[in-house]
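Source file upload.txt; content: compact mmCIF, C-alpha atoms.
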```txt
# COMPACT_ATOMS: atom_id res chain seq x y z
CA MET O 1 0.00 0.00 0.00
CA PRO O 2 1.29 3.53 -0.78
CA THR O 3 2.53 5.23 2.39
CA THR O 4 3.30 8.88 3.05
CA ILE O 5 5.66 9.66 5.92
CA PHE O 6 6.14 13.12 7.42
CA LYS O 7 6.64 15.07 10.64
CA HIS O 8 4.39 17.59 12.36
CA PRO O 9 4.64 20.89 10.44
CA GLU O 10 5.65 22.88 13.52
CA PRO O 11 9.40 23.64 13.50
CA GLU O 12 11.26 21.93 16.30
CA TYR O 13 12.72 24.13 19.02
CA SER O 14 13.79 23.76 22.62
CA LYS O 15 11.28 25.17 25.06
CA THR O 16 12.65 26.97 28.10
CA ARG O 17 10.70 28.19 31.09
CA ILE O 18 10.39 31.95 31.31
CA TRP O 19 11.10 34.10 34.34
CA PRO O 20 8.83 37.05 33.52
CA VAL O 21 9.58 40.51 34.81
CA PHE O 22 6.46 42.64 34.40
CA MET O 23 6.80 46.40 33.95
CA PRO O 24 3.25 47.60 33.30
CA PHE O 25 3.27 50.77 31.14
CA MET O 26 6.88 51.60 32.10
CA GLY O 27 8.54 53.58 29.33
CA CYS O 28 5.38 53.64 27.23
CA PRO O 29 5.13 56.96 25.35
CA THR O 30 1.36 56.60 24.97
CA LYS O 31 -1.39 54.33 26.23
CA CYS O 32 -2.80 52.30 23.38
CA ILE O 33 -6.55 51.98 23.01
CA TYR O 34 -6.62 48.28 23.97
CA CYS O 35 -3.93 48.19 26.64
CA SER O 36 -4.48 47.18 30.24
CA GLN O 37 -1.17 45.73 31.32
CA ASP O 38 -1.85 46.16 35.03
CA ARG O 39 -5.03 44.05 34.86
CA GLN O 40 -3.51 41.48 32.51
CA THR O 41 -0.32 40.84 34.48
CA GLY O 42 -1.67 41.36 37.97
CA ALA O 43 1.52 43.29 38.73
CA GLY O 44 1.07 46.24 41.02
CA THR O 45 2.82 49.58 40.73
CA LYS O 46 6.54 49.30 41.47
CA THR O 47 9.51 51.53 40.90
CA LEU O 48 12.40 50.49 38.67
CA ALA O 49 14.55 50.16 41.78
CA GLU O 50 12.01 47.81 43.39
CA ILE O 51 11.85 45.66 40.25
CA TYR O 52 15.64 45.52 40.10
CA GLN O 53 15.87 44.55 43.76
CA ALA O 54 13.27 41.81 43.30
CA ILE O 55 15.25 40.26 40.42
CA GLU O 56 18.48 40.55 42.38
CA GLN O 57 17.03 38.69 45.36
CA GLU O 58 14.51 36.26 43.89
CA ILE O 59 16.53 34.54 41.18
CA PRO O 60 19.38 33.38 43.47
CA ALA O 61 16.78 32.35 46.07
CA PHE O 62 14.91 30.31 43.46
CA PHE O 63 18.02 28.30 42.63
CA ALA O 64 19.51 28.11 46.13
CA GLY O 65 19.88 24.49 47.20
CA ASN O 66 17.79 23.21 44.30
CA LYS O 67 18.77 21.51 41.06
CA ARG O 68 16.66 23.48 38.62
CA SER O 69 17.00 23.92 34.89
CA PRO O 70 18.08 27.42 33.84
CA LEU O 71 15.44 29.89 32.69
CA GLU O 72 15.01 32.67 30.19
CA LEU O 73 14.47 36.10 31.69
CA ALA O 74 11.98 38.29 29.85
CA PHE O 75 11.06 41.92 30.48
CA PHE O 76 7.37 42.25 29.58
CA GLY O 77 4.54 44.73 29.92
CA GLY O 78 6.20 48.02 29.15
CA THR O 79 8.46 49.60 26.56
CA PHE O 80 11.86 48.42 27.71
CA THR O 81 13.96 50.40 25.23
CA ALA O 82 12.16 53.63 26.20
CA LEU O 83 13.23 53.34 29.83
CA PRO O 84 16.11 55.60 30.92
CA PHE O 85 19.08 53.99 29.20
CA GLU O 86 21.08 53.59 32.39
CA TRP O 87 18.26 51.42 33.73
CA GLN O 88 18.14 49.34 30.57
CA MET O 89 21.83 48.59 31.01
CA ARG O 90 21.51 47.91 34.73
CA PHE O 91 18.75 45.35 34.15
CA VAL O 92 20.57 43.58 31.32
CA GLN O 93 23.90 43.55 33.16
CA LEU O 94 22.24 42.05 36.23
CA ALA O 95 20.60 39.36 34.12
CA GLN O 96 23.91 38.73 32.35
CA LYS O 97 25.55 38.11 35.72
CA PHE O 98 22.95 35.42 36.44
CA LYS O 99 23.48 34.00 32.95
CA LYS O 100 27.19 33.56 33.72
CA GLN O 101 26.24 31.82 36.98
CA GLY O 102 24.14 29.31 35.06
CA TYR O 103 20.73 30.53 36.28
CA LEU O 104 19.65 31.99 32.94
CA THR O 105 20.09 30.94 29.32
CA LYS O 106 18.78 34.01 27.50
CA ILE O 107 17.62 37.56 28.12
CA ARG O 108 14.80 39.11 26.12
CA CYS O 109 12.68 42.23 26.29
CA SER O 110 9.58 43.58 24.59
CA THR O 111 9.28 47.06 23.16
CA ARG O 112 7.65 49.23 20.50
CA PRO O 113 8.96 49.58 16.95
CA ASP O 114 9.16 53.36 17.27
CA CYS O 115 11.49 53.09 20.26
CA ILE O 116 14.40 51.38 18.53
CA ASP O 117 17.83 53.02 18.36
CA PRO O 118 20.64 51.10 16.58
CA GLN O 119 23.41 52.41 18.84
CA GLN O 120 21.51 51.50 22.00
CA LEU O 121 20.78 48.03 20.63
CA ASN O 122 24.49 47.44 20.13
CA PHE O 123 25.20 48.41 23.73
CA LEU O 124 22.42 46.14 24.99
CA ARG O 125 23.58 43.21 22.85
CA ASN O 126 27.15 43.61 24.10
CA ALA O 127 25.83 43.75 27.68
CA GLY O 128 24.07 40.38 27.23
CA LEU O 129 20.65 40.96 25.66
CA ASP O 130 19.72 38.14 23.28
CA MET O 131 16.33 39.00 21.82
CA ILE O 132 13.92 41.86 21.26
CA GLU O 133 10.22 41.22 20.77
CA LEU O 134 8.54 44.03 18.91
CA GLY O 135 4.90 44.77 19.65
CA ILE O 136 4.01 45.30 15.99
CA GLN O 137 0.30 44.48 16.51
CA SER O 138 -0.56 45.15 12.84
CA PHE O 139 1.03 46.26 9.57
CA SER O 140 -2.15 48.13 8.57
CA ALA O 141 -1.89 51.92 8.69
CA LYS O 142 -5.61 52.23 9.43
CA VAL O 143 -5.47 49.75 12.30
CA LEU O 144 -2.39 51.38 13.81
CA ARG O 145 -4.04 54.80 13.61
CA ARG O 146 -7.35 53.62 15.11
CA SER O 147 -5.49 51.84 17.91
CA ALA O 148 -3.44 54.92 18.86
CA ARG O 149 -0.14 53.22 18.09
CA ASN O 150 1.17 56.41 16.48
CA TYR O 151 3.63 54.89 14.04
CA SER O 152 3.46 53.73 10.44
CA PRO O 153 3.76 50.21 8.97
CA GLN O 154 7.11 51.24 7.49
CA THR O 155 8.36 52.18 10.95
CA ALA O 156 7.46 48.68 12.11
CA ILE O 157 9.22 47.08 9.14
CA ASN O 158 12.32 49.22 9.62
CA ALA O 159 12.45 48.35 13.33
CA CYS O 160 12.40 44.63 12.55
CA ARG O 161 15.28 45.06 10.13
CA THR O 162 17.23 47.16 12.64
CA VAL O 163 16.90 44.47 15.31
CA ARG O 164 18.11 41.88 12.82
CA GLU O 165 21.06 44.04 11.74
CA SER O 166 22.09 44.54 15.38
CA GLY O 167 22.68 40.81 15.74
CA LEU O 168 19.80 40.28 18.15
CA SER O 169 17.10 37.66 17.68
CA LEU O 170 13.77 39.09 16.54
CA GLY O 171 10.33 38.38 17.93
CA ILE O 172 7.12 39.80 16.45
CA GLN O 173 3.91 40.19 18.42
CA LEU O 174 0.63 40.49 16.49
CA LEU O 175 -2.75 41.55 17.84
CA PRO O 176 -5.46 40.58 15.34
CA GLY O 177 -8.97 41.98 15.63
CA LEU O 178 -8.09 45.58 16.53
CA PRO O 179 -10.37 48.50 15.56
CA GLY O 180 -10.25 49.24 11.85
CA THR O 181 -9.39 45.67 10.88
CA GLU O 182 -10.76 44.71 7.46
CA ASN O 183 -11.01 41.36 5.73
CA GLY O 184 -7.57 40.31 4.56
CA ASP O 185 -5.63 42.52 6.99
CA PHE O 186 -4.49 39.65 9.19
CA ARG O 187 -3.47 37.57 6.19
CA HIS O 188 -1.36 40.53 5.06
CA ASP O 189 0.12 40.80 8.56
CA ILE O 190 1.16 37.15 8.34
CA SER O 191 2.61 37.64 4.84
CA GLN O 192 4.64 40.62 6.04
CA THR O 193 5.77 38.70 9.11
CA ILE O 194 6.93 35.79 6.97
CA GLU O 195 8.85 38.21 4.74
CA LEU O 196 10.65 39.62 7.80
CA SER O 197 11.53 36.09 8.97
CA PRO O 198 11.47 36.53 12.76
CA ASP O 199 12.82 33.92 15.15
CA ALA O 200 9.53 33.80 17.03
CA VAL O 201 5.97 35.10 16.88
CA ARG O 202 3.30 35.66 19.50
CA ILE O 203 -0.33 36.10 18.47
CA TYR O 204 -2.67 37.80 20.92
CA PRO O 205 -6.26 38.04 19.60
CA CYS O 206 -7.63 41.39 20.73
CA LEU O 207 -9.64 41.40 23.96
CA THR O 208 -11.76 44.26 25.26
CA VAL O 209 -10.71 44.94 28.83
CA LYS O 210 -12.28 47.16 31.49
CA GLY O 211 -10.86 50.63 31.77
CA THR O 212 -9.51 50.86 28.24
CA GLY O 213 -10.43 53.12 25.35
CA LEU O 214 -11.49 50.00 23.51
CA GLU O 215 -14.11 49.30 26.15
CA ARG O 216 -15.59 52.75 25.57
CA LEU O 217 -15.73 52.11 21.81
CA TYR O 218 -17.33 48.72 22.37
CA LEU O 219 -19.98 50.04 24.76
CA ALA O 220 -20.75 52.85 22.31
CA GLY O 221 -21.31 50.32 19.53
CA LYS O 222 -18.30 51.56 17.55
CA TYR O 223 -16.22 48.40 17.82
CA ILE O 224 -17.16 44.78 17.21
CA PRO O 225 -14.64 42.25 18.56
CA TRP O 226 -13.81 39.07 16.73
CA SER O 227 -15.93 36.07 17.63
CA LEU O 228 -14.28 32.85 18.75
CA ILE O 229 -15.31 31.25 15.44
CA ARG O 230 -13.70 34.00 13.34
CA THR O 231 -10.60 33.88 15.52
CA GLU O 232 -10.21 30.18 14.84
CA GLU O 233 -10.87 30.66 11.12
CA GLU O 234 -8.24 33.40 10.87
CA LEU O 235 -5.56 32.03 13.19
CA ALA O 236 -5.47 28.36 12.22
CA PRO O 237 -4.36 28.90 8.59
CA ALA O 238 -2.07 31.70 9.75
CA LEU O 239 -0.40 29.38 12.23
CA LEU O 240 0.07 26.74 9.55
CA ARG O 241 1.64 29.29 7.19
CA LEU O 242 4.12 30.33 9.87
CA TRP O 243 4.96 26.70 10.63
CA MET O 244 5.53 25.97 6.94
CA HIS O 245 8.03 28.84 6.83
CA LYS O 246 9.86 27.41 9.87
CA ILE O 247 8.80 30.26 12.16
CA GLN O 248 8.15 29.43 15.80
CA VAL O 249 4.85 30.56 17.28
CA ILE O 250 5.60 30.63 20.98
CA ARG O 251 2.22 31.79 22.24
CA ILE O 252 -1.39 32.15 21.11
CA GLY O 253 -3.59 34.22 23.41
CA VAL O 254 -2.60 36.33 26.39
CA ALA O 255 -1.47 34.66 29.59
CA HIS O 256 -4.19 35.26 32.15
CA GLU O 257 -3.09 36.05 35.65
CA GLU O 258 -5.49 35.34 38.49
CA GLY O 259 -8.59 37.50 38.25
CA PHE O 260 -7.92 38.77 34.74
CA GLU O 261 -11.00 37.04 33.30
CA LYS O 262 -13.21 39.27 35.43
CA SER O 263 -11.77 42.30 33.63
CA ILE O 264 -12.55 41.02 30.12
CA VAL O 265 -15.62 42.71 28.67
CA ALA O 266 -15.68 41.06 25.24
CA GLY O 267 -13.53 39.19 22.75
CA PRO O 268 -12.47 35.65 21.82
CA VAL O 269 -11.87 34.18 25.26
CA HIS O 270 -11.43 30.44 25.65
CA PRO O 271 -9.48 28.46 28.26
CA ALA O 272 -7.94 26.27 25.55
CA LEU O 273 -7.59 28.81 22.73
CA GLY O 274 -4.05 27.76 21.87
CA GLN O 275 -5.03 24.10 21.68
CA LYS O 276 -8.03 24.88 19.47
CA ILE O 277 -5.90 26.83 17.01
CA ARG O 278 -3.07 24.29 16.97
CA SER O 279 -5.51 21.41 16.46
CA LYS O 280 -7.24 23.16 13.57
CA ALA O 281 -3.89 24.00 11.96
CA LEU O 282 -2.87 20.35 12.18
CA TYR O 283 -6.20 19.32 10.62
CA LEU O 284 -5.64 21.74 7.72
CA TYR O 285 -2.19 20.29 7.17
CA LEU O 286 -3.38 16.68 7.20
CA ARG O 287 -6.28 17.54 4.92
CA THR O 288 -3.86 19.07 2.43
CA ARG O 289 -1.73 15.93 2.56
CA LEU O 290 -4.74 13.77 1.72
CA VAL O 291 -5.96 16.02 -1.08
CA ILE O 292 -2.51 15.98 -2.68
CA SER O 293 -2.43 12.19 -2.61
CA GLY O 294 -5.77 11.97 -4.43
CA SER O 295 -6.42 8.57 -2.90
CA THR O 296 -8.60 7.13 -0.16
CA ILE O 297 -7.00 6.65 3.23
CA ASP O 298 -6.73 3.19 4.72
CA ARG O 299 -5.31 4.24 8.06
CA ILE O 300 -3.26 6.98 9.67
CA ILE O 301 -0.49 6.60 12.25
CA VAL O 302 -0.09 9.59 14.60
CA PRO O 303 2.66 10.24 17.17
CA GLN O 304 1.31 9.69 20.68
CA LYS O 305 2.40 13.17 21.76
CA TYR O 306 -0.29 14.63 19.45
CA SER O 307 -3.11 12.35 20.61
CA GLY O 308 -4.71 15.14 22.63
CA GLU O 309 -4.30 17.65 19.83
CA LEU O 310 -5.49 15.61 16.87
CA TRP O 311 -9.27 15.60 17.44
CA GLY O 312 -9.44 19.15 18.78
CA HIS O 313 -10.72 20.53 22.06
CA LYS O 314 -13.40 18.15 23.35
CA ALA O 315 -13.22 16.23 20.04
CA SER O 316 -14.63 19.23 18.16
CA LEU O 317 -12.82 18.31 14.92
CA LYS O 318 -14.05 14.73 14.58
CA SER O 319 -16.84 15.73 12.20
CA LEU O 320 -14.33 17.49 9.92
CA TYR O 321 -12.00 14.50 9.95
CA ARG O 322 -14.83 12.20 8.97
CA LYS O 323 -15.21 14.21 5.76
CA ILE O 324 -11.68 13.19 4.79
CA HIS O 325 -12.28 9.60 5.91
CA VAL O 326 -10.33 9.80 9.14
CA SER O 327 -11.91 8.51 12.34
CA PRO O 328 -10.88 6.77 15.58
CA LEU O 329 -11.48 3.46 13.77
CA ASN O 330 -8.63 3.94 11.32
CA THR O 331 -6.34 6.12 13.48
CA PHE O 332 -3.54 4.58 15.48
CA PHE O 333 -0.97 6.13 17.79
CA THR O 334 2.72 5.37 18.04
CA ALA O 335 5.68 6.29 20.22
CA SER O 336 7.51 7.37 17.07
CA GLY O 337 7.59 11.05 16.13
CA ILE O 338 6.53 10.31 12.56
CA PHE O 339 3.10 10.57 10.93
CA LYS O 340 2.17 7.91 8.40
CA ILE O 341 -0.76 8.01 5.97
CA ILE O 342 -1.37 4.62 4.44
CA LEU O 343 -3.56 4.73 1.34
CA LYS O 344 -5.77 2.04 -0.15
```

Could you quickly redo this structure as structure tokens?
Amino acid sequence: MPTTIFKHPEPEYSKTRIWPVFMPFMGCPTKCIYCSQDRQTGAGTKTLAEIYQAIEQEIPAFFAGNKRSPLELAFFGGTFTALPFEWQMRFVQLAQKFKKQGYLTKIRCSTRPDCIDPQQLNFLRNAGLDMIELGIQSFSAKVLRRSARNYSPQTAINACRTVRESGLSLGIQLLPGLPGTENGDFRHDISQTIELSPDAVRIYPCLTVKGTGLERLYLAGKYIPWSLIRTEEELAPALLRLWMHKIQVIRIGVAHEEGFEKSIVAGPVHPALGQKIRSKALYLYLRTRLVISGSTIDRIIVPQKYSGELWGHKASLKSLYRKIHVSPLNTFFTASGIFKIILK
């Protein structure tokens, strides 16, 4: 019988636990229409000195007397490269000290594309910074304007190239479903992202959170958030496209700290959003494989590690799989990391 052998389309990469350092709104030149970092992260108001002191004390304490795997340290929640430069250097140099002691493997930060300076990036890279994640959100001029981002798509593109040219790894964060989004905008965002070839991507479908300008638009009937169905329809093929271009997608959906759900007014919220999107992307990939073969499937062999992902959240994809003649009756799982489609 003809047999097709292949791996999961997601590019392989080593996953490392993150030590997040939250800096809500710190350094931010403006407050974007959707942003509510304090509610999302659960981090209270702290000074830069207090954050520095916490890192200085908590990381050695975490490793003291314990055999733990090293972590990545990530500065999230603000605009790191818009902080006073002496503080940027102090934070990176402290993290670099812990990297040399074996506590950390990498140091990354998030920032805005309009807060990128090539000379500063060189200093930060030489001090130990490994990666910059740019909060691009969208490459649509209309969406950026409506969301109060206050920079152009070209600024975002130039910032990505500047990070690359500095020798740092590049991360791109996208926020689909913002005000002003039109059909095709997110597909264009993914095309532009692929062209820029980042090392990693995060996709955060837009949520309407209490206390934001977006909430006011929503309550006034001037903004309609994406539904969960549209989110799945847009993100699943996007995820597959990124996988096929060997781009890591390291997160789908915001990480919810305790109590954050109570602050969400509207938007595509689901406790297993990432799983739903990954499962649908895998389905699209397998469907393409079967269509290309042009034959009827006899059975499919799936790596055991994907057994929970194959059928979708609460088996929601079984009806779609039946249309391509795949069911639990002709699906078998294996310890191998290889997929096999055996045709009649």

Open item on the list: Calculated over all atoms listed in the file, which of the candidates O:Tyr103, O:Phe85, O:Pro2, O:Gly211 has the smallest distance to O:Lys67?
Closed with: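 Closest residue, counting all atoms listed in the file: O:Tyr103.
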
Open item on the list: Ranking O:Tyr151, O:Phe6, O:Trp19, O:Tyr34 by minimum distance to O:Leu71 and counting only C-alpha atoms, which one comes first?
Closed with: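 Answer, going by the shortest atom-to-atom distance: O:Trp19.
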
Task: Counting all atoms listed in the file, the option among O:Ile116, O:Phe139, O:Arg149, O:Leu94 closest to O:Arg161 - done: O:Ile116

For O:Pro153, please output as a PDB file with C-alpha atoms, in the coordinates of the input all residues within 10 Å (counting only C-alpha atoms; exclusion window: fewer than 5 positions along the same chain).
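Listed below is the output, around-v9.pdb:
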```
ATOM      1  CA  PRO O 113       8.960  49.580  16.950  1.00  0.00           C
ATOM      2  CA  ILE O 136       4.010  45.300  15.990  1.00  0.00           C
ATOM      3  CA  SER O 138      -0.560  45.150  12.840  1.00  0.00           C
ATOM      4  CA  PHE O 139       1.030  46.260   9.570  1.00  0.00           C
ATOM      5  CA  SER O 140      -2.150  48.130   8.570  1.00  0.00           C
ATOM      6  CA  ALA O 141      -1.890  51.920   8.690  1.00  0.00           C
ATOM      7  CA  LYS O 142      -5.610  52.230   9.430  1.00  0.00           C
ATOM      8  CA  VAL O 143      -5.470  49.750  12.300  1.00  0.00           C
ATOM      9  CA  LEU O 144      -2.390  51.380  13.810  1.00  0.00           C
ATOM     10  CA  ASN O 158      12.320  49.220   9.620  1.00  0.00           C
ATOM     11  CA  ALA O 159      12.450  48.350  13.330  1.00  0.00           C
TER      12      ALA O 159
END
```

Task: Radius query 12 Å about (9.9, 19.5, 10.6), atoms used: only C-alpha atoms, as a PyMOL selection string - done: chain O and resi 5-13+243-248+337-339

Open item on the list: Counting only C-alpha atoms, which residue out of O:Ala281, O:Val254, O:Tyr218, O:Gly65 sits closest to O:Glu234?
Closed with: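 Among O:Ala281, O:Val254, O:Tyr218, O:Gly65, it is O:Ala281 that comes nearest to O:Glu234.
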
Incomplete stretch 314-332 of chain O filled out to N, CA, C and O atoms as a PDB file, keeping the file's coordinate frame:
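Done, and the output landed in result.pdb:
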```
ATOM      1  N   LYS O 314     -12.166  18.926  23.116  1.00  0.00           N
ATOM      2  CA  LYS O 314     -13.400  18.150  23.350  1.00  0.00           C
ATOM      3  C   LYS O 314     -13.892  17.488  22.067  1.00  0.00           C
ATOM      4  O   LYS O 314     -15.091  17.429  21.782  1.00  0.00           O
ATOM      5  N   ALA O 315     -12.925  16.975  21.275  1.00  0.00           N
ATOM      6  CA  ALA O 315     -13.220  16.230  20.040  1.00  0.00           C
ATOM      7  C   ALA O 315     -14.012  17.043  19.027  1.00  0.00           C
ATOM      8  O   ALA O 315     -14.758  16.503  18.218  1.00  0.00           O
ATOM      9  N   SER O 316     -13.831  18.356  19.021  1.00  0.00           N
ATOM     10  CA  SER O 316     -14.630  19.230  18.160  1.00  0.00           C
ATOM     11  C   SER O 316     -14.324  19.065  16.673  1.00  0.00           C
ATOM     12  O   SER O 316     -15.115  19.500  15.829  1.00  0.00           O
ATOM     13  N   LEU O 317     -13.197  18.436  16.327  1.00  0.00           N
ATOM     14  CA  LEU O 317     -12.820  18.310  14.920  1.00  0.00           C
ATOM     15  C   LEU O 317     -13.175  16.952  14.318  1.00  0.00           C
ATOM     16  O   LEU O 317     -12.905  16.711  13.130  1.00  0.00           O
ATOM     17  N   LYS O 318     -13.760  16.071  15.097  1.00  0.00           N
ATOM     18  CA  LYS O 318     -14.050  14.730  14.580  1.00  0.00           C
ATOM     19  C   LYS O 318     -14.950  14.762  13.347  1.00  0.00           C
ATOM     20  O   LYS O 318     -14.762  13.987  12.407  1.00  0.00           O
ATOM     21  N   SER O 319     -15.923  15.662  13.340  1.00  0.00           N
ATOM     22  CA  SER O 319     -16.840  15.730  12.200  1.00  0.00           C
ATOM     23  C   SER O 319     -16.101  16.165  10.930  1.00  0.00           C
ATOM     24  O   SER O 319     -16.402  15.701   9.829  1.00  0.00           O
ATOM     25  N   LEU O 320     -15.114  17.070  11.071  1.00  0.00           N
ATOM     26  CA  LEU O 320     -14.330  17.490   9.920  1.00  0.00           C
ATOM     27  C   LEU O 320     -13.440  16.349   9.424  1.00  0.00           C
ATOM     28  O   LEU O 320     -13.279  16.145   8.222  1.00  0.00           O
ATOM     29  N   TYR O 321     -12.859  15.617  10.352  1.00  0.00           N
ATOM     30  CA  TYR O 321     -12.000  14.500   9.950  1.00  0.00           C
ATOM     31  C   TYR O 321     -12.789  13.412   9.224  1.00  0.00           C
ATOM     32  O   TYR O 321     -12.281  12.786   8.290  1.00  0.00           O
ATOM     33  N   ARG O 322     -14.025  13.227   9.642  1.00  0.00           N
ATOM     34  CA  ARG O 322     -14.830  12.200   8.970  1.00  0.00           C
ATOM     35  C   ARG O 322     -15.018  12.519   7.487  1.00  0.00           C
ATOM     36  O   ARG O 322     -15.116  11.618   6.649  1.00  0.00           O
ATOM     37  N   LYS O 323     -15.040  13.813   7.154  1.00  0.00           N
ATOM     38  CA  LYS O 323     -15.210  14.210   5.760  1.00  0.00           C
ATOM     39  C   LYS O 323     -14.006  13.821   4.902  1.00  0.00           C
ATOM     40  O   LYS O 323     -14.118  13.727   3.673  1.00  0.00           O
ATOM     41  N   ILE O 324     -12.856  13.626   5.542  1.00  0.00           N
ATOM     42  CA  ILE O 324     -11.680  13.190   4.790  1.00  0.00           C
ATOM     43  C   ILE O 324     -11.343  11.731   5.146  1.00  0.00           C
ATOM     44  O   ILE O 324     -10.212  11.284   4.994  1.00  0.00           O
ATOM     45  N   HIS O 325     -12.358  11.039   5.657  1.00  0.00           N
ATOM     46  CA  HIS O 325     -12.280   9.600   5.910  1.00  0.00           C
ATOM     47  C   HIS O 325     -11.262   9.236   6.985  1.00  0.00           C
ATOM     48  O   HIS O 325     -10.599   8.201   6.895  1.00  0.00           O
ATOM     49  N   VAL O 326     -11.173  10.089   7.984  1.00  0.00           N
ATOM     50  CA  VAL O 326     -10.330   9.800   9.140  1.00  0.00           C
ATOM     51  C   VAL O 326     -11.229   9.746  10.373  1.00  0.00           C
ATOM     52  O   VAL O 326     -12.028  10.661  10.613  1.00  0.00           O
ATOM     53  N   SER O 327     -11.097   8.674  11.130  1.00  0.00           N
ATOM     54  CA  SER O 327     -11.910   8.510  12.340  1.00  0.00           C
ATOM     55  C   SER O 327     -11.098   7.707  13.356  1.00  0.00           C
ATOM     56  O   SER O 327     -10.023   7.170  13.024  1.00  0.00           O
ATOM     57  N   PRO O 328     -11.594   7.604  14.594  1.00  0.00           N
ATOM     58  CA  PRO O 328     -10.880   6.770  15.580  1.00  0.00           C
ATOM     59  C   PRO O 328     -10.712   5.326  15.135  1.00  0.00           C
ATOM     60  O   PRO O 328      -9.815   4.630  15.614  1.00  0.00           O
ATOM     61  N   LEU O 329     -11.550   4.860  14.203  1.00  0.00           N
ATOM     62  CA  LEU O 329     -11.480   3.460  13.770  1.00  0.00           C
ATOM     63  C   LEU O 329     -10.254   3.181  12.909  1.00  0.00           C
ATOM     64  O   LEU O 329      -9.741   2.062  12.901  1.00  0.00           O
ATOM     65  N   ASN O 330      -9.794   4.187  12.165  1.00  0.00           N
ATOM     66  CA  ASN O 330      -8.630   3.940  11.320  1.00  0.00           C
ATOM     67  C   ASN O 330      -7.431   4.819  11.711  1.00  0.00           C
ATOM     68  O   ASN O 330      -6.523   5.054  10.910  1.00  0.00           O
ATOM     69  N   THR O 331      -7.440   5.306  12.959  1.00  0.00           N
ATOM     70  CA  THR O 331      -6.340   6.120  13.480  1.00  0.00           C
ATOM     71  C   THR O 331      -5.636   5.361  14.589  1.00  0.00           C
ATOM     72  O   THR O 331      -6.279   4.858  15.523  1.00  0.00           O
ATOM     73  N   PHE O 332      -4.332   5.312  14.499  1.00  0.00           N
ATOM     74  CA  PHE O 332      -3.540   4.580  15.480  1.00  0.00           C
ATOM     75  C   PHE O 332      -2.395   5.466  15.952  1.00  0.00           C
ATOM     76  O   PHE O 332      -1.886   6.304  15.203  1.00  0.00           O
TER      77      PHE O 332
END
```
